[in-house]
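This is data12.txt. It holds compact mmCIF, C-alpha atoms.
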# COMPACT_ATOMS: atom_id res chain seq x y z
CA MET A 1 49.81 16.23 -2.27
CA LYS A 2 46.99 14.67 -4.24
CA LEU A 3 44.96 16.45 -6.95
CA ILE A 4 41.32 15.42 -7.36
CA GLN A 5 39.56 16.42 -10.57
CA SER A 6 36.74 13.89 -10.91
CA ARG A 7 33.28 14.07 -9.37
CA ASP A 8 33.40 10.28 -9.19
CA ASN A 9 36.33 10.33 -6.80
CA PRO A 10 35.32 8.63 -3.50
CA PHE A 11 36.91 11.36 -1.36
CA PHE A 12 35.05 14.11 -3.24
CA LYS A 13 31.82 12.16 -2.81
CA SER A 14 32.46 11.95 0.94
CA LEU A 15 32.96 15.73 1.05
CA LYS A 16 29.72 16.22 -0.87
CA ARG A 17 27.82 14.07 1.63
CA LEU A 18 29.26 16.03 4.57
CA ALA A 19 28.36 19.29 2.85
CA GLU A 20 24.75 18.32 2.21
CA SER A 21 23.66 15.82 4.84
CA GLY A 22 23.14 16.37 8.55
CA ARG A 23 22.64 12.63 8.85
CA GLU A 24 26.09 12.03 7.35
CA ARG A 25 27.65 14.52 9.77
CA ARG A 26 25.99 12.81 12.73
CA LYS A 27 27.00 9.35 11.51
CA THR A 28 30.64 10.22 10.92
CA GLY A 29 31.04 12.81 13.67
CA LEU A 30 32.67 15.09 11.09
CA THR A 31 31.91 18.45 9.53
CA LEU A 32 33.50 20.89 7.06
CA LEU A 33 35.12 24.19 7.97
CA ASP A 34 35.53 26.84 5.28
CA GLY A 35 38.35 29.36 5.49
CA VAL A 36 41.47 30.19 7.44
CA HIS A 37 39.62 31.92 10.28
CA LEU A 38 37.43 28.92 11.13
CA LEU A 39 40.39 26.56 10.85
CA GLU A 40 42.46 28.69 13.23
CA ALA A 41 39.58 29.03 15.69
CA TYR A 42 38.99 25.28 15.69
CA GLU A 43 42.63 24.28 16.08
CA ALA A 44 43.22 26.81 18.85
CA VAL A 45 40.70 24.94 21.00
CA HIS A 46 40.57 21.37 19.68
CA GLY A 47 43.92 20.75 18.00
CA PRO A 48 44.71 19.69 14.42
CA VAL A 49 41.89 18.89 12.02
CA GLU A 50 41.53 15.53 10.28
CA THR A 51 42.21 16.66 6.69
CA LEU A 52 43.00 19.88 4.85
CA VAL A 53 41.58 20.49 1.37
CA VAL A 54 42.84 23.33 -0.84
CA ALA A 55 41.41 24.61 -4.12
CA GLU A 56 43.77 24.12 -7.03
CA SER A 57 44.03 27.88 -7.66
CA ALA A 58 44.83 28.61 -3.99
CA GLN A 59 47.75 26.23 -3.51
CA HIS A 60 50.45 28.63 -4.69
CA GLY A 61 50.88 32.02 -3.01
CA GLY A 62 48.53 33.99 -0.81
CA GLU A 63 47.20 33.53 2.72
CA ILE A 64 45.93 29.99 2.23
CA ALA A 65 49.17 28.66 0.75
CA ALA A 66 51.13 30.28 3.57
CA HIS A 67 48.80 28.84 6.19
CA VAL A 68 49.03 25.24 4.98
CA ALA A 69 52.73 25.29 4.13
CA GLY A 70 54.43 22.15 5.40
CA ARG A 71 51.15 20.34 6.03
CA ASP A 72 49.64 17.44 4.10
CA VAL A 73 46.78 18.65 1.93
CA VAL A 74 44.39 17.32 -0.66
CA VAL A 75 44.07 19.58 -3.73
CA LEU A 76 40.62 19.89 -5.24
CA ALA A 77 39.91 21.26 -8.71
CA ASP A 78 38.27 24.68 -8.45
CA ALA A 79 35.10 23.47 -10.16
CA LEU A 80 34.73 20.69 -7.60
CA MET A 81 35.27 23.12 -4.72
CA ARG A 82 32.43 25.26 -6.09
CA ASP A 83 30.25 22.19 -6.60
CA LEU A 84 30.33 21.45 -2.89
CA GLY A 85 28.09 24.50 -2.42
CA LEU A 86 29.21 25.13 1.14
CA VAL A 87 28.92 28.89 0.97
CA ASP A 88 28.22 31.47 -1.72
CA THR A 89 31.89 32.43 -2.06
CA PRO A 90 34.22 29.53 -1.11
CA SER A 91 37.49 30.66 0.42
CA GLY A 92 39.57 27.98 -1.27
CA LEU A 93 40.41 26.19 1.98
CA LEU A 94 38.39 23.42 3.61
CA ALA A 95 39.05 21.35 6.67
CA VAL A 96 37.45 18.04 7.56
CA ALA A 97 37.11 18.31 11.32
CA ALA A 98 35.72 16.18 14.12
CA ILE A 99 32.62 17.71 15.71
CA PRO A 100 33.63 18.50 19.30
CA SER A 101 31.91 16.46 21.98
CA GLY A 102 30.61 18.36 24.98
CA PRO A 103 28.42 17.59 27.98
CA THR A 104 25.59 15.22 27.15
CA LEU A 105 23.09 17.20 29.20
CA ALA A 106 22.60 20.96 29.34
CA ASP A 107 23.28 22.67 32.67
CA SER A 108 20.02 23.87 34.24
CA GLY A 109 21.80 26.20 36.64
CA VAL A 110 23.70 28.58 34.34
CA ASP A 111 22.83 31.17 31.71
CA ALA A 112 21.58 29.79 28.41
CA VAL A 113 20.15 30.72 25.04
CA LEU A 114 17.26 28.61 23.73
CA LEU A 115 16.42 28.68 20.03
CA ASP A 116 12.89 27.60 19.09
CA GLY A 117 12.60 26.56 15.46
CA VAL A 118 15.08 29.09 14.04
CA GLN A 119 15.53 27.74 10.53
CA ASP A 120 17.81 30.19 8.73
CA PRO A 121 21.46 29.04 8.91
CA GLY A 122 22.72 32.62 8.91
CA ASN A 123 20.51 33.50 11.84
CA VAL A 124 21.50 30.43 13.83
CA GLY A 125 25.19 31.09 13.26
CA THR A 126 24.81 34.76 14.18
CA LEU A 127 22.88 33.83 17.32
CA LEU A 128 25.65 31.45 18.37
CA ARG A 129 28.25 34.14 17.73
CA THR A 130 26.26 36.70 19.71
CA ALA A 131 25.75 34.33 22.63
CA ALA A 132 29.47 33.59 22.79
CA ALA A 133 30.35 37.28 22.57
CA ALA A 134 27.97 38.08 25.44
CA GLY A 135 29.53 35.42 27.64
CA VAL A 136 26.78 32.80 27.47
CA LYS A 137 28.32 29.33 27.52
CA GLN A 138 25.50 27.07 26.32
CA VAL A 139 22.91 27.14 23.53
CA LEU A 140 20.00 24.73 23.17
CA LEU A 141 18.28 24.20 19.82
CA SER A 142 14.82 22.71 19.40
CA PRO A 143 13.90 20.28 16.62
CA GLY A 144 13.33 22.29 13.46
CA CYS A 145 16.30 24.60 13.90
CA ALA A 146 19.00 24.73 11.24
CA ALA A 147 21.68 22.13 11.96
CA ALA A 148 24.26 23.78 14.20
CA TRP A 149 27.25 22.02 12.63
CA SER A 150 26.31 22.61 9.00
CA PRO A 151 28.94 24.52 6.98
CA LYS A 152 26.72 27.59 6.53
CA VAL A 153 25.96 27.87 10.24
CA LEU A 154 29.63 27.36 11.04
CA ARG A 155 30.58 30.13 8.60
CA ALA A 156 28.09 32.54 10.20
CA GLY A 157 29.23 31.55 13.69
CA GLN A 158 32.82 32.65 12.96
CA GLY A 159 34.33 30.30 15.55
CA ALA A 160 31.70 30.67 18.28
CA HIS A 161 30.89 26.94 18.05
CA PHE A 162 34.25 26.03 19.54
CA VAL A 163 33.73 27.93 22.80
CA LEU A 164 30.10 26.95 23.36
CA SER A 165 28.29 23.91 24.68
CA ILE A 166 25.76 23.27 21.90
CA HIS A 167 22.79 20.93 22.38
CA GLU A 168 20.54 20.03 19.44
CA GLU A 169 17.10 18.43 19.19
CA VAL A 170 16.30 19.54 22.75
CA ASP A 171 12.85 19.41 24.36
CA LEU A 172 12.85 23.06 25.36
CA ALA A 173 9.68 22.78 27.44
CA ALA A 174 11.24 20.07 29.59
CA PHE A 175 14.42 22.12 30.01
CA ILE A 176 12.47 25.24 31.03
CA THR A 177 10.46 23.22 33.54
CA SER A 178 13.63 21.98 35.23
CA TYR A 179 15.60 25.23 34.89
CA ARG A 180 16.84 26.63 38.20
CA GLY A 181 16.92 30.24 37.04
CA VAL A 182 14.61 32.67 35.27
CA THR A 183 13.38 32.02 31.73
CA ALA A 184 12.75 35.10 29.58
CA VAL A 185 10.87 35.02 26.31
CA THR A 186 10.56 37.80 23.76
CA CYS A 187 6.96 38.52 22.85
CA LEU A 188 4.47 41.40 22.80
CA GLU A 189 1.56 39.94 24.76
CA GLN A 190 1.44 41.00 28.44
CA SER A 191 5.13 41.86 28.28
CA THR A 192 7.47 44.19 30.15
CA SER A 193 10.01 46.50 28.57
CA LEU A 194 13.47 44.98 28.49
CA TYR A 195 14.78 48.05 30.30
CA GLU A 196 12.21 47.83 33.12
CA ALA A 197 12.15 44.07 33.67
CA CYS A 198 13.73 42.62 36.81
CA TRP A 199 15.57 39.34 37.14
CA ASP A 200 18.19 37.76 39.34
CA GLY A 201 20.38 34.69 39.08
CA PRO A 202 20.79 32.43 36.04
CA LEU A 203 18.87 33.55 32.98
CA ALA A 204 17.71 31.55 29.96
CA TRP A 205 16.58 33.55 26.94
CA VAL A 206 14.15 31.97 24.46
CA PHE A 207 14.22 33.29 20.89
CA GLY A 208 11.73 32.07 18.34
CA ALA A 209 11.42 31.17 14.70
CA GLU A 210 11.49 33.80 12.00
CA GLY A 211 7.94 35.05 11.49
CA GLN A 212 6.18 32.75 13.96
CA GLY A 213 8.08 33.72 17.09
CA VAL A 214 8.22 31.54 20.18
CA ARG A 215 5.67 28.75 20.55
CA ARG A 216 2.71 29.39 22.90
CA GLU A 217 3.75 26.44 25.07
CA LEU A 218 7.09 28.04 25.84
CA ILE A 219 5.62 31.51 26.34
CA ASP A 220 3.29 30.08 28.97
CA LEU A 221 6.20 28.39 30.77
CA ALA A 222 8.46 31.45 30.82
CA GLY A 223 8.82 33.50 33.97
CA LEU A 224 9.39 36.77 32.10
CA ARG A 225 7.79 38.12 28.94
CA ILE A 226 10.04 40.75 27.43
CA ARG A 227 9.52 43.29 24.66
CA ILE A 228 12.15 45.54 23.13
CA PRO A 229 10.94 49.16 22.96
CA MET A 230 11.02 50.35 19.35
CA PRO A 231 9.95 53.98 18.97
CA GLY A 232 11.03 53.98 15.33
CA ALA A 233 8.88 53.23 12.32
CA VAL A 234 9.35 49.44 12.33
CA GLU A 235 7.32 46.75 14.05
CA SER A 236 9.92 44.06 14.67
CA LEU A 237 13.57 43.06 14.57
CA ASN A 238 15.32 40.13 12.96
CA VAL A 239 15.66 37.39 15.58
CA ALA A 240 19.45 37.69 15.66
CA ALA A 241 19.26 41.46 16.14
CA ALA A 242 16.67 41.09 18.91
CA ALA A 243 18.86 38.53 20.66
CA ALA A 244 21.85 40.88 20.52
CA VAL A 245 19.86 43.66 22.18
CA CYS A 246 18.64 41.36 24.97
CA LEU A 247 21.90 39.54 25.64
CA PHE A 248 23.98 42.69 25.82
CA GLU A 249 21.45 44.41 28.08
CA ALA A 250 21.76 41.41 30.41
CA LEU A 251 25.55 41.68 30.17
CA ARG A 252 25.43 45.42 30.89
CA ARG A 253 23.52 44.72 34.10
CA LYS A 254 26.03 42.06 35.16
CA LEU A 255 28.94 44.39 34.60
CA ALA A 256 27.20 47.19 36.50
CA SER A 257 26.32 45.07 39.53
Starting from the file, lay out its structure as structure tokens.
Amino acid sequence: MKLIQSRDNPFFKSLKRLAESGRERRKTGLTLLDGVHLLEAYEAVHGPVETLVVAESAQHGGEIAAHVAGRDVVVLADALMRDLGLVDTPSGLLAVAAIPSGPTLADSGVDAVLLDGVQDPGNVGTLLRTAAAAGVKQVLLSPGCAAAWSPKVLRAGQGAHFVLSIHEEVDLAAFITSYRGVTAVTCLEQSTSLYEACWDGPLAWVFGAEGQGVRRELIDLAGLRIRIPMPGAVESLNVAAAAAVCLFEALRRKLAS
């Protein structure tokens, strides 16, 4: 067990780079997981993580100490754990984990969720979690989306990453063009109510950036334009909330068929 107290320590500096730099995560193939839940979810699918890091105040007693008992850990001074800035309230447990490798190419014949420029890490993580909960197996992210394997997105995803095939920096227009199912996009223009729309076979949902929505190019390529009826006194939903409504309506139809 090694205690690190200096910001000049090379290992702490490597953690800081992983916390802050998508380029560093891509180069090393590593990311940081915060908390017991994410660690358990990762190891249940992909096996032991590379390194465990525990805050100095969390190494004796409590859930974290019990979870890492008998395992090699690196102990980090509490101030250094906070300095990493992974999340607003660090749990006291970090894992350095290899980013899982999945299929190089997305499958154009199965259900999918396509994210177009969704920049908020919380939204991206929630969207991944919702897709996994609804039984969708693959998510494609366009350039401009929040990095899927960043600590904040991982925290919001709550383990969904480890059961999904995630593809980043995807040309969504090219994927839609080659897709062998129906592509549905949420928009208001010339759209059909979600509850009246008809589709069959594989379905790819396109959800757009906060504020701007889905790009015109992708709207024009989509086979279905869907709106969510909202009789209440609001004009729109958060993108993650809208996705949940659409994905679980699609699931309801599958279960009823």
Original post:
From the set A:Cys187, A:Leu76, A:Ala197, A:Ile64, which residue has the shortest atom-to-atom contact distance to Leu237 (chain A), counting all atoms listed in the file?
Top reply: A:Cys187
Contact check, region 102-155 of chain A to region 31-44 of chain A, at most 8 Å, counting only C-alpha atoms, closest pairs as JSON lines:
{"residue": "A:Trp149", "atom": "CA", "partner": "A:Thr31", "partner_atom": "CA", "distance": 6.6}
{"residue": "A:Ser150", "atom": "CA", "partner": "A:Thr31", "partner_atom": "CA", "distance": 7.0}
{"residue": "A:Pro151", "atom": "CA", "partner": "A:Leu32", "partner_atom": "CA", "distance": 5.8}
{"residue": "A:Leu154", "atom": "CA", "partner": "A:Leu33", "partner_atom": "CA", "distance": 7.0}
{"residue": "A:Arg155", "atom": "CA", "partner": "A:Asp34", "partner_atom": "CA", "distance": 6.8}
Original post:
Hey, which of A:Leu255, A:Ile166, A:Ile4, A:Ala250 ends up closest to Gly102 (chain A)? Count all atoms listed in the file.
Top reply: A:Ile166
**OP:** Around the point (24.7, 35.1, 18.5), in the coordinates given by the file, pick out the residues reaching within 9 Å, counting only C-alpha atoms, and return them as JSON, numbers by chain.
**Re:** {"A": [123, 124, 125, 126, 127, 128, 129, 130, 131, 132, 133, 134, 157, 160, 240, 241, 243, 244, 247]}
**OP:** Could you check which of A:Phe162, A:Phe248, A:Phe11, A:Phe175 is closest to Ser142 (chain A), using only C-alpha atoms?
**Re:**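 Answer, going by the shortest atom-to-atom distance: A:Phe175.
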